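Novice: My structure is below; once you've seen it, I'll send some questions.
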Amino acid sequence: MSFDREKTIAQCNAFSKNTLMETLNIEFTDAGEDFLVATMPVNGRNHQPMGLLHGGASVALAESVGSAASMLFVDPRENEIRGIEISANHLKAKKDGTVTGTARIIHKGRSIHLWEIRITDEENNLISLCKLTNMVLPKIKA
């Protein structure tokens, strides 16, 4: 079965409806067999009181793109993904524009996925560097 980039992007955007991703205007924009990309506008809705991108909004972008990326490796009828640890280093301030989160797999095990998520601006400056660990769990059958 071959990878379908457009279908993957559409599915990720569809399951973001009525979630934090929609609230923050996170949009999935690119995908590959070992990466996923999403963008988020930087504006007053995700600023901290000093008028800069809130670190928590960056972490929300990172966890959103990294968790969705883990879903690319599992059968969603059989498994669920749970983020179990995230860390972030915020390296550069951002007042407006757009940030892009790119999740790339570091470790793909049967039960643990480890992702590096680089959040960059329009000039490819590194805004935040994040690491996300996801657990793959069997879906509970009702």
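By convention in this document, the chains of the structure tokens carry letters A, B, ... by their order, each chain's residues are numbered from 1, and ligands are numbered from 1 in the order they are shown.
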Range 84-87 of chain A: which residues within 7 Å, counting only C-alpha atoms, same-chain residues fewer than 3 positions away excluded, as a ChimeraX atom specification?

Specialist: /A:130-135

Novice: Could you pull out all residues of range 16-138 of chain A with a DSSP call of strand (DSSP E or B) and give them as an NGL selection string?

Specialist: :A and (27-32 or 35-42 or 47 or 53 or 79-90 or 97-108 or 112-120 or 126-138)

Novice: Would you put the residues from that selection into a file with C-alpha atoms, as a short mmCIF file (atom, residue, chain, number, x, y, z; two decimals), in the first residue's frame?

Specialist:
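Contents of selection_21.cif, as written:
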data_model
loop_
_atom_site.label_atom_id
_atom_site.label_comp_id
_atom_site.auth_asym_id
_atom_site.auth_seq_id
_atom_site.Cartn_x
_atom_site.Cartn_y
_atom_site.Cartn_z
CA GLU A 27 -3.49 23.32 10.01
CA PHE A 28 -1.72 20.23 8.73
CA THR A 29 0.10 21.15 5.52
CA ASP A 30 2.53 18.38 4.54
CA ALA A 31 3.16 14.73 5.26
CA GLY A 32 5.55 11.96 4.38
CA PHE A 35 7.23 13.19 9.06
CA LEU A 36 4.22 15.47 9.47
CA VAL A 37 4.00 19.26 9.21
CA ALA A 38 1.48 21.73 10.62
CA THR A 39 1.32 25.52 10.77
CA MET A 40 -0.14 27.91 13.33
CA PRO A 41 -0.68 31.66 13.01
CA VAL A 42 0.89 33.82 15.71
CA HIS A 47 0.18 35.46 22.85
CA LEU A 53 3.91 33.62 21.22
CA ASN A 79 -4.66 1.35 18.57
CA GLU A 80 -4.75 4.73 20.27
CA ILE A 81 -1.93 7.20 20.87
CA ARG A 82 -1.25 8.90 24.20
CA GLY A 83 1.41 11.53 24.75
CA ILE A 84 3.32 10.59 27.89
CA GLU A 85 6.10 13.19 27.94
CA ILE A 86 6.90 16.41 26.15
CA SER A 87 9.77 18.82 26.59
CA ALA A 88 10.39 22.12 24.87
CA ASN A 89 13.22 24.57 24.58
CA HIS A 90 11.96 27.99 23.47
CA GLY A 97 3.23 35.71 11.40
CA THR A 98 3.20 31.94 11.19
CA VAL A 99 5.11 29.12 12.83
CA THR A 100 5.57 25.67 11.36
CA GLY A 101 5.95 22.49 13.38
CA THR A 102 7.72 19.58 11.69
CA ALA A 103 7.64 16.24 13.50
CA ARG A 104 10.28 13.66 12.52
CA ILE A 105 10.49 10.20 14.01
CA ILE A 106 13.52 9.40 16.19
CA HIS A 107 12.37 5.99 17.46
CA LYS A 108 9.47 3.88 16.20
CA ILE A 112 6.73 3.82 22.15
CA HIS A 113 7.28 6.51 19.50
CA LEU A 114 9.82 9.29 20.06
CA TRP A 115 9.52 12.45 17.95
CA GLU A 116 11.60 15.58 17.44
CA ILE A 117 9.44 18.59 16.58
CA ARG A 118 11.15 21.67 15.22
CA ILE A 119 9.05 24.84 15.31
CA THR A 120 10.33 27.43 12.85
CA LEU A 126 14.26 27.86 15.07
CA ILE A 127 11.63 29.13 17.53
CA SER A 128 11.28 26.00 19.70
CA LEU A 129 12.81 22.54 19.75
CA CYS A 130 10.55 19.90 21.26
CA LYS A 131 10.72 16.20 22.03
CA LEU A 132 7.55 14.13 22.38
CA THR A 133 7.17 10.56 23.62
CA ASN A 134 3.95 8.78 22.64
CA MET A 135 2.65 5.46 23.91
CA VAL A 136 0.79 3.11 21.55
CA LEU A 137 -2.12 1.49 23.39
CA PRO A 138 -4.59 -1.14 22.25
#

Novice: Taking only chain A into account, list the residues labelled alpha helix (DSSP H) by DSSP (computed from the backbone), as a PDB file with all heavy atoms, in the first residue's frame.

Specialist:
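Generated file (states25.pdb):
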ATOM      1  N   ARG A   5      -0.160  11.269   0.372  1.00  0.00           N
ATOM      2  CA  ARG A   5       0.105  12.539   1.059  1.00  0.00           C
ATOM      3  C   ARG A   5      -1.164  13.373   1.232  1.00  0.00           C
ATOM      4  O   ARG A   5      -1.479  13.828   2.330  1.00  0.00           O
ATOM      5  CB  ARG A   5       1.167  13.323   0.279  1.00  0.00           C
ATOM      6  CG  ARG A   5       1.480  14.672   0.843  1.00  0.00           C
ATOM      7  CD  ARG A   5       2.494  15.426  -0.063  1.00  0.00           C
ATOM      8  NE  ARG A   5       2.596  16.801   0.336  1.00  0.00           N
ATOM      9  CZ  ARG A   5       1.765  17.762  -0.068  1.00  0.00           C
ATOM     10  NH1 ARG A   5       0.770  17.495  -0.887  1.00  0.00           N
ATOM     11  NH2 ARG A   5       1.929  19.001   0.356  1.00  0.00           N
ATOM     12  N   GLU A   6      -1.892  13.607   0.151  1.00  0.00           N
ATOM     13  CA  GLU A   6      -3.081  14.462   0.205  1.00  0.00           C
ATOM     14  C   GLU A   6      -4.157  13.884   1.124  1.00  0.00           C
ATOM     15  O   GLU A   6      -4.780  14.618   1.883  1.00  0.00           O
ATOM     16  CB  GLU A   6      -3.648  14.686  -1.206  1.00  0.00           C
ATOM     17  CG  GLU A   6      -2.712  15.447  -2.133  1.00  0.00           C
ATOM     18  CD  GLU A   6      -2.322  16.821  -1.613  1.00  0.00           C
ATOM     19  OE1 GLU A   6      -3.169  17.513  -1.003  1.00  0.00           O
ATOM     20  OE2 GLU A   6      -1.154  17.205  -1.799  1.00  0.00           O
ATOM     21  N   LYS A   7      -4.367  12.581   1.059  1.00  0.00           N
ATOM     22  CA  LYS A   7      -5.367  11.934   1.911  1.00  0.00           C
ATOM     23  C   LYS A   7      -4.972  12.063   3.382  1.00  0.00           C
ATOM     24  O   LYS A   7      -5.813  12.343   4.241  1.00  0.00           O
ATOM     25  CB  LYS A   7      -5.514  10.463   1.534  1.00  0.00           C
ATOM     26  CG  LYS A   7      -6.548   9.724   2.344  1.00  0.00           C
ATOM     27  CD  LYS A   7      -6.666   8.271   1.898  1.00  0.00           C
ATOM     28  CE  LYS A   7      -7.662   7.536   2.759  1.00  0.00           C
ATOM     29  NZ  LYS A   7      -7.732   6.108   2.413  1.00  0.00           N
ATOM     30  N   THR A   8      -3.685  11.883   3.678  1.00  0.00           N
ATOM     31  CA  THR A   8      -3.191  11.993   5.054  1.00  0.00           C
ATOM     32  C   THR A   8      -3.417  13.400   5.604  1.00  0.00           C
ATOM     33  O   THR A   8      -3.906  13.572   6.720  1.00  0.00           O
ATOM     34  CB  THR A   8      -1.700  11.622   5.115  1.00  0.00           C
ATOM     35  OG1 THR A   8      -1.554  10.263   4.685  1.00  0.00           O
ATOM     36  CG2 THR A   8      -1.136  11.796   6.504  1.00  0.00           C
ATOM     37  N   ILE A   9      -3.076  14.413   4.827  1.00  0.00           N
ATOM     38  CA  ILE A   9      -3.260  15.803   5.261  1.00  0.00           C
ATOM     39  C   ILE A   9      -4.741  16.079   5.502  1.00  0.00           C
ATOM     40  O   ILE A   9      -5.121  16.665   6.522  1.00  0.00           O
ATOM     41  CB  ILE A   9      -2.666  16.786   4.230  1.00  0.00           C
ATOM     42  CG1 ILE A   9      -1.140  16.627   4.163  1.00  0.00           C
ATOM     43  CG2 ILE A   9      -3.050  18.223   4.555  1.00  0.00           C
ATOM     44  CD1 ILE A   9      -0.497  17.327   2.980  1.00  0.00           C
ATOM     45  N   ALA A  10      -5.588  15.637   4.588  1.00  0.00           N
ATOM     46  CA  ALA A  10      -7.034  15.858   4.734  1.00  0.00           C
ATOM     47  C   ALA A  10      -7.575  15.160   5.974  1.00  0.00           C
ATOM     48  O   ALA A  10      -8.386  15.742   6.712  1.00  0.00           O
ATOM     49  CB  ALA A  10      -7.762  15.362   3.477  1.00  0.00           C
ATOM     50  N   GLN A  11      -7.130  13.939   6.244  1.00  0.00           N
ATOM     51  CA  GLN A  11      -7.594  13.221   7.432  1.00  0.00           C
ATOM     52  C   GLN A  11      -7.154  13.928   8.712  1.00  0.00           C
ATOM     53  O   GLN A  11      -7.939  14.050   9.655  1.00  0.00           O
ATOM     54  CB  GLN A  11      -7.068  11.783   7.423  1.00  0.00           C
ATOM     55  CG  GLN A  11      -7.759  10.899   6.436  1.00  0.00           C
ATOM     56  CD  GLN A  11      -7.137   9.513   6.349  1.00  0.00           C
ATOM     57  OE1 GLN A  11      -5.949   9.326   6.611  1.00  0.00           O
ATOM     58  NE2 GLN A  11      -7.949   8.541   5.982  1.00  0.00           N
ATOM     59  N   CYS A  12      -5.908  14.378   8.751  1.00  0.00           N
ATOM     60  CA  CYS A  12      -5.422  15.082   9.947  1.00  0.00           C
ATOM     61  C   CYS A  12      -6.218  16.357  10.188  1.00  0.00           C
ATOM     62  O   CYS A  12      -6.583  16.655  11.334  1.00  0.00           O
ATOM     63  CB  CYS A  12      -3.932  15.394   9.809  1.00  0.00           C
ATOM     64  SG  CYS A  12      -2.858  13.948   9.927  1.00  0.00           S
ATOM     65  N   ASN A  13      -6.492  17.111   9.142  1.00  0.00           N
ATOM     66  CA  ASN A  13      -7.280  18.332   9.307  1.00  0.00           C
ATOM     67  C   ASN A  13      -8.721  18.021   9.693  1.00  0.00           C
ATOM     68  O   ASN A  13      -9.318  18.742  10.492  1.00  0.00           O
ATOM     69  CB  ASN A  13      -7.211  19.191   8.043  1.00  0.00           C
ATOM     70  CG  ASN A  13      -5.887  19.926   7.945  1.00  0.00           C
ATOM     71  OD1 ASN A  13      -5.386  20.466   8.926  1.00  0.00           O
ATOM     72  ND2 ASN A  13      -5.300  19.910   6.770  1.00  0.00           N
ATOM     73  N   ALA A  14      -9.278  16.928   9.184  1.00  0.00           N
ATOM     74  CA  ALA A  14     -10.666  16.562   9.513  1.00  0.00           C
ATOM     75  C   ALA A  14     -10.807  16.192  10.980  1.00  0.00           C
ATOM     76  O   ALA A  14     -11.774  16.599  11.631  1.00  0.00           O
ATOM     77  CB  ALA A  14     -11.134  15.413   8.618  1.00  0.00           C
ATOM     78  N   LEU A  20      -8.733  21.642  20.290  1.00  0.00           N
ATOM     79  CA  LEU A  20      -7.771  22.718  20.533  1.00  0.00           C
ATOM     80  C   LEU A  20      -7.062  23.114  19.242  1.00  0.00           C
ATOM     81  O   LEU A  20      -6.762  24.291  19.032  1.00  0.00           O
ATOM     82  CB  LEU A  20      -6.739  22.286  21.590  1.00  0.00           C
ATOM     83  CG  LEU A  20      -5.657  23.313  21.920  1.00  0.00           C
ATOM     84  CD1 LEU A  20      -6.263  24.551  22.568  1.00  0.00           C
ATOM     85  CD2 LEU A  20      -4.603  22.701  22.826  1.00  0.00           C
ATOM     86  N   MET A  21      -6.811  22.151  18.366  1.00  0.00           N
ATOM     87  CA  MET A  21      -6.144  22.461  17.103  1.00  0.00           C
ATOM     88  C   MET A  21      -6.962  23.470  16.296  1.00  0.00           C
ATOM     89  O   MET A  21      -6.413  24.402  15.719  1.00  0.00           O
ATOM     90  CB  MET A  21      -5.911  21.193  16.273  1.00  0.00           C
ATOM     91  CG  MET A  21      -4.778  20.332  16.792  1.00  0.00           C
ATOM     92  SD  MET A  21      -5.295  19.195  18.077  1.00  0.00           S
ATOM     93  CE  MET A  21      -5.931  17.869  17.091  1.00  0.00           C
ATOM     94  N   GLU A  22      -8.267  23.303  16.272  1.00  0.00           N
ATOM     95  CA  GLU A  22      -9.113  24.263  15.563  1.00  0.00           C
ATOM     96  C   GLU A  22      -9.094  25.618  16.277  1.00  0.00           C
ATOM     97  O   GLU A  22      -9.007  26.663  15.633  1.00  0.00           O
ATOM     98  CB  GLU A  22     -10.540  23.734  15.449  1.00  0.00           C
ATOM     99  CG  GLU A  22     -11.430  24.631  14.606  1.00  0.00           C
ATOM    100  CD  GLU A  22     -12.798  24.027  14.386  1.00  0.00           C
ATOM    101  OE1 GLU A  22     -13.520  23.790  15.378  1.00  0.00           O
ATOM    102  OE2 GLU A  22     -13.146  23.806  13.217  1.00  0.00           O
ATOM    103  N   THR A  23      -9.144  25.603  17.606  1.00  0.00           N
ATOM    104  CA  THR A  23      -9.114  26.850  18.382  1.00  0.00           C
ATOM    105  C   THR A  23      -7.842  27.657  18.091  1.00  0.00           C
ATOM    106  O   THR A  23      -7.893  28.881  17.955  1.00  0.00           O
ATOM    107  CB  THR A  23      -9.204  26.544  19.887  1.00  0.00           C
ATOM    108  OG1 THR A  23     -10.437  25.862  20.139  1.00  0.00           O
ATOM    109  CG2 THR A  23      -9.137  27.808  20.719  1.00  0.00           C
ATOM    110  N   GLY A  55       4.603  30.039  25.131  1.00  0.00           N
ATOM    111  CA  GLY A  55       5.290  28.753  25.065  1.00  0.00           C
ATOM    112  C   GLY A  55       4.331  27.584  25.086  1.00  0.00           C
ATOM    113  O   GLY A  55       4.555  26.564  24.437  1.00  0.00           O
ATOM    114  N   GLY A  56       3.225  27.726  25.806  1.00  0.00           N
ATOM    115  CA  GLY A  56       2.224  26.670  25.845  1.00  0.00           C
ATOM    116  C   GLY A  56       1.565  26.447  24.496  1.00  0.00           C
ATOM    117  O   GLY A  56       1.217  25.316  24.146  1.00  0.00           O
ATOM    118  N   ALA A  57       1.411  27.514  23.714  1.00  0.00           N
ATOM    119  CA  ALA A  57       0.852  27.362  22.362  1.00  0.00           C
ATOM    120  C   ALA A  57       1.843  26.617  21.469  1.00  0.00           C
ATOM    121  O   ALA A  57       1.444  25.767  20.665  1.00  0.00           O
ATOM    122  CB  ALA A  57       0.506  28.727  21.775  1.00  0.00           C
ATOM    123  N   SER A  58       3.126  26.902  21.642  1.00  0.00           N
ATOM    124  CA  SER A  58       4.145  26.161  20.882  1.00  0.00           C
ATOM    125  C   SER A  58       4.118  24.686  21.255  1.00  0.00           C
ATOM    126  O   SER A  58       4.211  23.809  20.383  1.00  0.00           O
ATOM    127  CB  SER A  58       5.544  26.730  21.154  1.00  0.00           C
ATOM    128  OG  SER A  58       5.658  28.042  20.654  1.00  0.00           O
ATOM    129  N   VAL A  59       3.979  24.402  22.539  1.00  0.00           N
ATOM    130  CA  VAL A  59       3.907  23.011  22.994  1.00  0.00           C
ATOM    131  C   VAL A  59       2.633  22.342  22.460  1.00  0.00           C
ATOM    132  O   VAL A  59       2.666  21.172  22.056  1.00  0.00           O
ATOM    133  CB  VAL A  59       4.010  22.923  24.527  1.00  0.00           C
ATOM    134  CG1 VAL A  59       3.697  21.531  25.037  1.00  0.00           C
ATOM    135  CG2 VAL A  59       5.400  23.361  24.984  1.00  0.00           C
ATOM    136  N   ALA A  60       1.535  23.071  22.415  1.00  0.00           N
ATOM    137  CA  ALA A  60       0.297  22.514  21.854  1.00  0.00           C
ATOM    138  C   ALA A  60       0.490  22.173  20.376  1.00  0.00           C
ATOM    139  O   ALA A  60       0.027  21.116  19.914  1.00  0.00           O
ATOM    140  CB  ALA A  60      -0.864  23.493  22.037  1.00  0.00           C
ATOM    141  N   LEU A  61       1.173  23.026  19.630  1.00  0.00           N
ATOM    142  CA  LEU A  61       1.474  22.722  18.230  1.00  0.00           C
ATOM    143  C   LEU A  61       2.345  21.475  18.137  1.00  0.00           C
ATOM    144  O   LEU A  61       2.057  20.564  17.346  1.00  0.00           O
ATOM    145  CB  LEU A  61       2.165  23.911  17.565  1.00  0.00           C
ATOM    146  CG  LEU A  61       2.705  23.675  16.143  1.00  0.00           C
ATOM    147  CD1 LEU A  61       1.577  23.306  15.182  1.00  0.00           C
ATOM    148  CD2 LEU A  61       3.459  24.917  15.664  1.00  0.00           C
ATOM    149  N   ALA A  62       3.382  21.417  18.962  1.00  0.00           N
ATOM    150  CA  ALA A  62       4.298  20.270  18.926  1.00  0.00           C
ATOM    151  C   ALA A  62       3.576  18.965  19.260  1.00  0.00           C
ATOM    152  O   ALA A  62       3.726  17.956  18.552  1.00  0.00           O
ATOM    153  CB  ALA A  62       5.461  20.496  19.895  1.00  0.00           C
ATOM    154  N   GLU A  63       2.781  18.969  20.321  1.00  0.00           N
ATOM    155  CA  GLU A  63       2.091  17.733  20.701  1.00  0.00           C
ATOM    156  C   GLU A  63       1.029  17.353  19.671  1.00  0.00           C
ATOM    157  O   GLU A  63       0.843  16.170  19.372  1.00  0.00           O
ATOM    158  CB  GLU A  63       1.457  17.835  22.087  1.00  0.00           C
ATOM    159  CG  GLU A  63       0.890  16.512  22.529  1.00  0.00           C
ATOM    160  CD  GLU A  63       0.717  16.355  24.027  1.00  0.00           C
ATOM    161  OE1 GLU A  63       1.018  17.293  24.784  1.00  0.00           O
ATOM    162  OE2 GLU A  63       0.272  15.266  24.424  1.00  0.00           O
ATOM    163  N   SER A  64       0.383  18.333  19.086  1.00  0.00           N
ATOM    164  CA  SER A  64      -0.623  18.047  18.059  1.00  0.00           C
ATOM    165  C   SER A  64      -0.004  17.380  16.844  1.00  0.00           C
ATOM    166  O   SER A  64      -0.508  16.360  16.359  1.00  0.00           O
ATOM    167  CB  SER A  64      -1.322  19.344  17.633  1.00  0.00           C
ATOM    168  OG  SER A  64      -2.014  19.912  18.713  1.00  0.00           O
ATOM    169  N   VAL A  65       1.089  17.931  16.350  1.00  0.00           N
ATOM    170  CA  VAL A  65       1.696  17.366  15.140  1.00  0.00           C
ATOM    171  C   VAL A  65       2.398  16.041  15.443  1.00  0.00           C
ATOM    172  O   VAL A  65       2.331  15.094  14.651  1.00  0.00           O
ATOM    173  CB  VAL A  65       2.614  18.403  14.437  1.00  0.00           C
ATOM    174  CG1 VAL A  65       3.896  18.642  15.174  1.00  0.00           C
ATOM    175  CG2 VAL A  65       2.904  17.986  13.000  1.00  0.00           C
ATOM    176  N   GLY A  66       3.033  15.922  16.603  1.00  0.00           N
ATOM    177  CA  GLY A  66       3.703  14.670  16.953  1.00  0.00           C
ATOM    178  C   GLY A  66       2.729  13.538  17.235  1.00  0.00           C
ATOM    179  O   GLY A  66       2.967  12.389  16.836  1.00  0.00           O
ATOM    180  N   SER A  67       1.632  13.831  17.889  1.00  0.00           N
ATOM    181  CA  SER A  67       0.630  12.791  18.168  1.00  0.00           C
ATOM    182  C   SER A  67      -0.066  12.346  16.889  1.00  0.00           C
ATOM    183  O   SER A  67      -0.277  11.150  16.665  1.00  0.00           O
ATOM    184  CB  SER A  67      -0.392  13.292  19.182  1.00  0.00           C
ATOM    185  OG  SER A  67       0.220  13.479  20.435  1.00  0.00           O
ATOM    186  N   ALA A  68      -0.410  13.307  16.040  1.00  0.00           N
ATOM    187  CA  ALA A  68      -1.023  12.948  14.756  1.00  0.00           C
ATOM    188  C   ALA A  68      -0.048  12.123  13.917  1.00  0.00           C
ATOM    189  O   ALA A  68      -0.455  11.168  13.245  1.00  0.00           O
ATOM    190  CB  ALA A  68      -1.455  14.207  14.009  1.00  0.00           C
ATOM    191  N   ALA A  69       1.231  12.453  13.979  1.00  0.00           N
ATOM    192  CA  ALA A  69       2.236  11.701  13.221  1.00  0.00           C
ATOM    193  C   ALA A  69       2.309  10.251  13.695  1.00  0.00           C
ATOM    194  O   ALA A  69       2.444   9.331  12.883  1.00  0.00           O
ATOM    195  CB  ALA A  69       3.600  12.379  13.335  1.00  0.00           C
ATOM    196  N   SER A  70       2.200  10.030  14.997  1.00  0.00           N
ATOM    197  CA  SER A  70       2.199   8.649  15.497  1.00  0.00           C
ATOM    198  C   SER A  70       1.017   7.862  14.946  1.00  0.00           C
ATOM    199  O   SER A  70       1.125   6.654  14.704  1.00  0.00           O
ATOM    200  CB  SER A  70       2.166   8.618  17.026  1.00  0.00           C
ATOM    201  OG  SER A  70       3.463   8.735  17.569  1.00  0.00           O
ATOM    202  N   MET A  71      -0.096   8.526  14.737  1.00  0.00           N
ATOM    203  CA  MET A  71      -1.269   7.844  14.187  1.00  0.00           C
ATOM    204  C   MET A  71      -0.994   7.304  12.788  1.00  0.00           C
ATOM    205  O   MET A  71      -1.635   6.355  12.352  1.00  0.00           O
ATOM    206  CB  MET A  71      -2.478   8.775  14.161  1.00  0.00           C
ATOM    207  CG  MET A  71      -3.055   9.088  15.528  1.00  0.00           C
ATOM    208  SD  MET A  71      -3.654   7.632  16.409  1.00  0.00           S
ATOM    209  CE  MET A  71      -4.966   7.088  15.328  1.00  0.00           C
TER     210      MET A  71
END

Novice: Take CA of Leu24 in chain A and CA of Lys92 in chain A and report the distance between them in Å, one decimal.

Specialist: 19.7 Å

Novice: So, counting only C-alpha atoms, which residue among A:Ala93, A:Phe73, A:Glu122, A:Arg110 is closest to Glu33 in chain A?

Specialist: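 Closest candidate: A:Phe73.
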
Novice: Interatomic distance between CA of Thr19 in chain A and CA of Glu123 in chain A?

Specialist: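 These atoms are spaced 28.6 Å apart.
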
Novice: Rank nothing, just name the residue among A:Phe3, A:Ile140, A:Gly109, A:Lys95 nearest to Leu52 in chain A, using only C-alpha atoms.

Specialist: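 Of the candidates, the smallest distance to Leu52 in chain A is held by A:Lys95.
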
Novice: May I ask for the distance between CA of Asp96 in chain A and CA of Arg45 in chain A, given in Å to one decimal place?

Specialist: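 Computing it gives 10.7 Å between the two atoms.
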